[in-house]
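Data block for model-v6.tsv (TSV, C-alpha atoms):
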```
chain	number	residue	atom	x	y	z
E	1	MET	CA	78.87	198.70	159.80
E	2	ARG	CA	79.64	195.06	159.04
E	3	SER	CA	82.77	193.76	160.68
E	4	GLY	CA	85.39	191.80	158.76
E	5	PRO	CA	86.33	188.18	159.36
E	6	SER	CA	87.77	187.38	162.76
E	7	MET	CA	91.46	186.65	163.15
E	8	SER	CA	90.64	183.01	163.95
E	9	ASN	CA	88.64	182.65	160.72
E	10	VAL	CA	91.43	184.23	158.69
E	11	ALA	CA	93.93	181.86	160.29
E	12	THR	CA	91.70	178.90	159.46
E	13	ILE	CA	91.33	179.94	155.83
E	14	ALA	CA	95.10	180.45	155.53
E	15	ALA	CA	95.93	177.10	157.14
E	16	THR	CA	97.24	174.15	155.15
E	17	ASP	CA	95.10	171.04	154.74
E	18	SER	CA	97.28	169.17	157.21
E	19	GLU	CA	96.87	171.90	159.83
E	20	LEU	CA	93.11	171.87	159.33
E	21	VAL	CA	93.02	168.09	159.75
E	22	VAL	CA	94.85	168.38	163.07
E	23	ARG	CA	92.31	170.96	164.24
E	24	ALA	CA	89.38	168.91	162.92
E	25	ARG	CA	90.64	165.89	164.86
E	26	SER	CA	90.55	168.06	167.96
E	27	GLY	CA	86.91	168.90	167.31
E	28	SER	CA	87.22	172.25	165.54
E	29	GLU	CA	84.01	172.92	163.61
E	30	ALA	CA	85.69	175.81	161.80
E	31	ALA	CA	88.35	173.44	160.48
E	32	TYR	CA	85.66	171.00	159.29
E	33	ARG	CA	83.83	173.82	157.52
E	34	GLU	CA	86.98	175.03	155.81
E	35	LEU	CA	87.90	171.55	154.56
E	36	LEU	CA	84.36	171.19	153.26
E	37	ALA	CA	84.56	174.57	151.53
E	38	ARG	CA	87.87	173.65	149.88
E	39	TYR	CA	86.81	170.27	148.55
E	40	GLN	CA	83.04	170.42	148.10
E	41	ARG	CA	83.21	171.61	144.50
E	42	PRO	CA	86.01	169.32	143.22
E	43	VAL	CA	84.53	166.26	144.97
E	44	PHE	CA	81.10	166.95	143.48
E	45	SER	CA	82.69	167.55	140.06
E	46	LEU	CA	84.44	164.18	140.14
E	47	VAL	CA	81.48	162.11	141.31
E	48	TYR	CA	79.06	163.92	138.98
E	49	ARG	CA	81.22	163.19	135.96
E	50	MET	CA	81.52	159.59	137.11
E	51	VAL	CA	77.80	158.89	137.65
E	52	ARG	CA	76.35	161.57	135.32
E	53	ASN	CA	73.35	162.21	137.52
E	54	ARG	CA	73.18	165.42	139.51
E	55	GLU	CA	70.87	164.24	142.28
E	56	GLN	CA	72.87	161.07	142.81
E	57	ALA	CA	76.12	163.03	142.68
E	58	GLU	CA	74.90	165.33	145.44
E	59	ASP	CA	74.11	162.30	147.60
E	60	LEU	CA	77.47	160.70	146.82
E	61	ALA	CA	79.38	163.90	147.57
E	62	GLN	CA	77.61	164.09	150.93
E	63	GLU	CA	78.40	160.42	151.57
E	64	THR	CA	82.04	161.14	150.75
E	65	PHE	CA	82.31	163.89	153.33
E	66	VAL	CA	80.53	161.80	155.95
E	67	LYS	CA	83.12	159.07	155.39
E	68	VAL	CA	85.95	161.61	155.44
E	69	PHE	CA	84.93	163.12	158.77
E	70	GLN	CA	84.06	159.75	160.33
E	71	ASN	CA	87.49	158.39	159.43
E	72	ILE	CA	89.61	161.51	159.69
E	73	THR	CA	91.63	160.02	162.56
E	74	ARG	CA	92.80	157.34	160.10
E	75	TYR	CA	94.23	159.87	157.66
E	76	ASP	CA	97.99	159.41	157.29
E	77	PRO	CA	99.58	162.89	156.99
E	78	LYS	CA	102.50	161.52	154.95
E	79	TYR	CA	100.03	161.52	152.03
E	80	LYS	CA	98.34	164.58	150.55
E	81	PHE	CA	94.91	165.18	152.00
E	82	SER	CA	93.59	165.85	148.49
E	83	SER	CA	94.70	162.35	147.44
E	84	TRP	CA	92.94	160.82	150.43
E	85	ILE	CA	89.65	162.63	149.89
E	86	PHE	CA	89.63	161.96	146.13
E	87	LYS	CA	90.32	158.29	146.83
E	88	ILE	CA	87.27	158.12	149.07
E	89	ALA	CA	85.15	160.01	146.52
E	90	ASN	CA	86.30	157.72	143.71
E	91	ASN	CA	85.50	154.59	145.73
E	92	VAL	CA	82.06	155.93	146.61
E	93	ALA	CA	81.35	156.67	142.94
E	94	LEU	CA	82.63	153.28	141.79
E	95	ASP	CA	80.47	151.51	144.38
E	96	ALA	CA	77.45	153.40	143.05
E	97	LEU	CA	78.28	152.42	139.48
E	98	ARG	CA	78.69	148.78	140.47
E	99	ARG	CA	75.29	148.82	142.16
E	100	ARG	CA	73.83	150.32	139.00
E	101	ASN	CA	75.53	147.76	136.75
E	102	PRO	CA	76.78	144.76	138.76
E	103	VAL	CA	78.28	143.08	135.67
E	104	THR	CA	81.73	144.64	135.45
E	105	ILE	CA	84.84	143.82	133.47
E	106	SER	CA	88.14	143.41	135.25
E	107	LEU	CA	90.67	145.74	133.68
E	108	ASP	CA	93.71	144.44	135.50
E	109	GLY	CA	93.82	141.25	133.47
E	110	ALA	CA	93.56	143.20	130.25
E	111	ALA	CA	96.35	145.50	131.32
E	112	HIS	CA	98.65	142.62	132.19
E	113	ALA	CA	97.93	141.01	128.81
E	114	GLU	CA	99.53	143.90	126.96
E	115	THR	CA	102.92	143.43	125.41
E	116	ALA	CA	105.90	145.38	126.67
E	117	GLU	CA	105.87	147.37	123.42
E	118	GLN	CA	102.24	148.42	123.94
E	119	VAL	CA	102.86	149.53	127.51
E	120	GLU	CA	105.90	151.51	126.46
E	121	ALA	CA	103.91	153.09	123.65
E	122	SER	CA	101.28	154.09	126.19
E	123	ARG	CA	103.88	155.78	128.36
E	124	THR	CA	105.39	157.61	125.41
E	125	ASP	CA	101.97	158.76	124.26
E	126	VAL	CA	101.10	160.07	127.72
E	127	ALA	CA	104.30	162.07	127.90
E	128	SER	CA	104.05	163.55	124.40
E	129	GLU	CA	100.29	164.18	124.03
E	130	ASP	CA	99.29	165.39	127.46
E	131	ALA	CA	96.70	167.82	126.12
E	132	ASN	CA	95.27	165.53	123.43
E	133	PRO	CA	92.40	164.99	122.83
E	134	LEU	CA	90.59	166.78	125.66
E	135	GLU	CA	92.18	170.23	125.68
E	136	ALA	CA	92.35	170.48	121.88
E	137	LEU	CA	88.69	169.56	121.53
E	138	GLU	CA	87.59	171.79	124.38
E	139	ALA	CA	89.33	174.66	122.59
E	140	ARG	CA	86.94	173.99	119.71
E	141	GLN	CA	83.95	174.37	122.03
E	142	LEU	CA	83.01	170.72	122.10
E	143	GLY	CA	82.70	170.53	125.86
E	144	GLY	CA	79.25	168.95	125.80
E	145	ALA	CA	80.31	166.24	123.37
E	146	ILE	CA	83.42	165.55	125.44
E	147	GLU	CA	81.36	165.19	128.64
E	148	GLN	CA	79.11	162.70	126.87
E	149	ALA	CA	82.06	160.78	125.44
E	150	VAL	CA	83.83	160.62	128.81
E	151	GLY	CA	80.62	159.20	130.27
E	152	THR	CA	80.90	156.21	127.93
E	153	LEU	CA	84.35	155.23	129.19
E	154	ARG	CA	84.85	152.33	131.58
E	155	PRO	CA	84.88	153.56	135.19
E	156	GLU	CA	88.63	153.12	135.66
E	157	TYR	CA	89.42	154.97	132.43
E	158	ARG	CA	86.94	157.68	133.39
E	159	THR	CA	88.51	158.19	136.80
E	160	ALA	CA	92.01	158.44	135.39
E	161	ILE	CA	91.13	160.86	132.59
E	162	LEU	CA	89.03	163.08	134.88
E	163	LEU	CA	91.69	163.27	137.57
E	164	ARG	CA	94.30	164.13	134.97
E	165	HIS	CA	92.46	166.55	132.71
E	166	VAL	CA	89.74	168.03	134.92
E	167	GLU	CA	91.49	168.07	138.29
E	168	GLY	CA	95.01	168.41	136.86
E	169	ARG	CA	96.47	165.77	139.18
E	170	PRO	CA	99.95	164.37	138.46
E	171	TYR	CA	100.21	160.74	137.43
E	172	GLU	CA	101.81	159.73	140.72
E	173	GLU	CA	98.91	161.16	142.70
E	174	ILE	CA	96.36	159.49	140.40
E	175	ALA	CA	98.10	156.16	141.05
E	176	GLU	CA	97.82	156.84	144.77
E	177	ILE	CA	94.13	157.78	144.51
E	178	MET	CA	93.25	154.76	142.36
E	179	ASP	CA	95.56	152.44	144.34
E	180	VAL	CA	97.18	151.04	141.19
E	181	PRO	CA	100.76	151.10	139.83
E	182	LEU	CA	101.91	154.18	137.93
E	183	GLY	CA	102.22	152.17	134.72
E	184	THR	CA	98.57	151.10	135.01
E	185	VAL	CA	97.47	154.73	135.32
E	186	LYS	CA	99.39	155.58	132.16
E	187	THR	CA	97.78	152.65	130.37
E	188	TYR	CA	94.30	153.72	131.52
E	189	ILE	CA	94.88	157.27	130.28
E	190	HIS	CA	96.31	156.07	126.97
E	191	ARG	CA	93.32	153.78	126.39
E	192	ALA	CA	90.85	156.48	127.45
E	193	ARG	CA	92.39	158.92	124.97
E	194	SER	CA	92.26	156.33	122.22
E	195	GLU	CA	88.57	155.64	122.89
E	196	LEU	CA	87.80	159.36	123.03
E	197	ARG	CA	89.53	159.92	119.70
E	198	GLY	CA	87.37	157.21	118.15
E	199	THR	CA	84.14	158.49	119.72
E	200	LEU	CA	84.81	162.12	118.77
E	201	ALA	CA	86.43	161.52	115.37
E	202	HIS	CA	83.33	162.55	113.46
E	203	LEU	CA	83.35	165.96	115.18
E	204	ARG	CA	86.81	166.90	113.96
```

Could you spell out this file's structure in structure tokens?
Amino acid sequence: MRSGPSMSNVATIAATDSELVVRARSGSEAAYRELLARYQRPVFSLVYRMVRNREQAEDLAQETFVKVFQNITRYDPKYKFSSWIFKIANNVALDALRRRNPVTISLDGAAHAETAEQVEASRTDVASEDANPLEALEARQLGGAIEQAVGTLRPEYRTAILLRHVEGRPYEEIAEIMDVPLGTVKTYIHRARSELRGTLAHLR
């Protein structure tokens, strides 16, 4: 007769991320394993959609967790652990994209060049069309086309739209992960949606 999970394993699975981090810092392998189990799939999902290559995504996800566990003593518990690990994953993916295509365009300058009316329009659009165009198009079984279209976005736009619509992260957390102001996140998402509408218009 197979025995059930031990009380210590149950306690580990039921622990919060912060509690697991404390245990991991103390050398608990069970805590490390549980953090890995919780975030392996979402981390891989993010980096895969960023680099669009499964083998490379597997390597980058592994690199992410190596960095996480090597630097876990630097984690500041006043922030969500999920934000911290996604930030590391995003930086790893962006570094890989830069190595693949070293000629990159700075988006910050473009964002600052917007008029106040355009920025405000972006914020209004984000608030009023939170499910558009991704959820509406996914409902019409265009998932493959959406994946392809998202892959054409600039890295910063891609990160923002994936964190919002795939991971369901709030705007404030996305700003924390991307290390940019909240208004910049809203602008990125607005621009990403606009580009997606244009790319997918012929499928409507």

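With only C-alpha atoms as the basis for measurement, E:Val21 is the residue among E:Val21, E:Leu162, E:Val51, E:Ala61 that approaches E:Pro77 most closely.
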
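Among the candidates E:Phe69, E:Ala175, E:Tyr157, E:Asn91, the one nearest to E:His190 when counting only C-alpha atoms is E:Tyr157.
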
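The smallest atom-to-atom distance between E:Ala93 and any of E:Ser26, E:Gln40, E:Gln70, E:Thr159, using all atoms listed in the file, is found for E:Thr159.
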
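Checking E:Thr73, E:Glu195, E:Lys80, E:Met50 one by one against E:Arg23, counting only C-alpha atoms, you find the shortest gap at E:Thr73.
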
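Closest approach to E:Ile161 from the set E:Ser194, E:Asn53, E:Ser82, E:Thr64 is made by E:Ser194, with distances taken over all atoms listed in the file.
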
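For the choices E:Arg54, E:Arg74, E:Ile85, E:Leu20, the atom-to-atom distance to E:Tyr39 is smallest for E:Ile85 when using all atoms listed in the file.
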
Once you add 4 Å to each side, what are the centre and edge lengths of the axis-aligned box holding all listed atoms of stretch 147-152 of chain E? One decimal in Å, as AutoDock Vina command-line options, if you can.
```
--center_x 81.5 --center_y 160.7 --center_z 127.9 --size_x 12.7 --size_y 17.0 --size_z 12.8
```

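Across the structure, atom CA of E:Gly27 and atom CA of E:Ala14 are spaced 18.4 Å apart.
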
(request) Compile the contact shell of E:Ser83 as a list of chain:residue names: residues with an atom at most 12 Å away, counting only C-alpha atoms, same-chain residues fewer than 5 positions apart removed. (result) E:Asp17, E:Tyr39, E:Pro42, E:Val43, E:Val68, E:Tyr75, E:Asp76, E:Pro77, E:Lys78, E:Ile88, E:Ala89, E:Asn90, E:Leu163, E:Glu167, E:Arg169, E:Pro170, E:Tyr171, E:Glu172, E:Glu173, E:Ile174, E:Ala175, E:Glu176, E:Ile177, E:Met178, E:Asp179

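In this structure, atom CA of E:Gln148 sits 19.5 Å away from atom CA of E:Arg98.
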
(request) Work out how far atom CA of E:Gly144 is from atom CA of E:Ile189, in Å to one decimal. (result) 20.0 Å
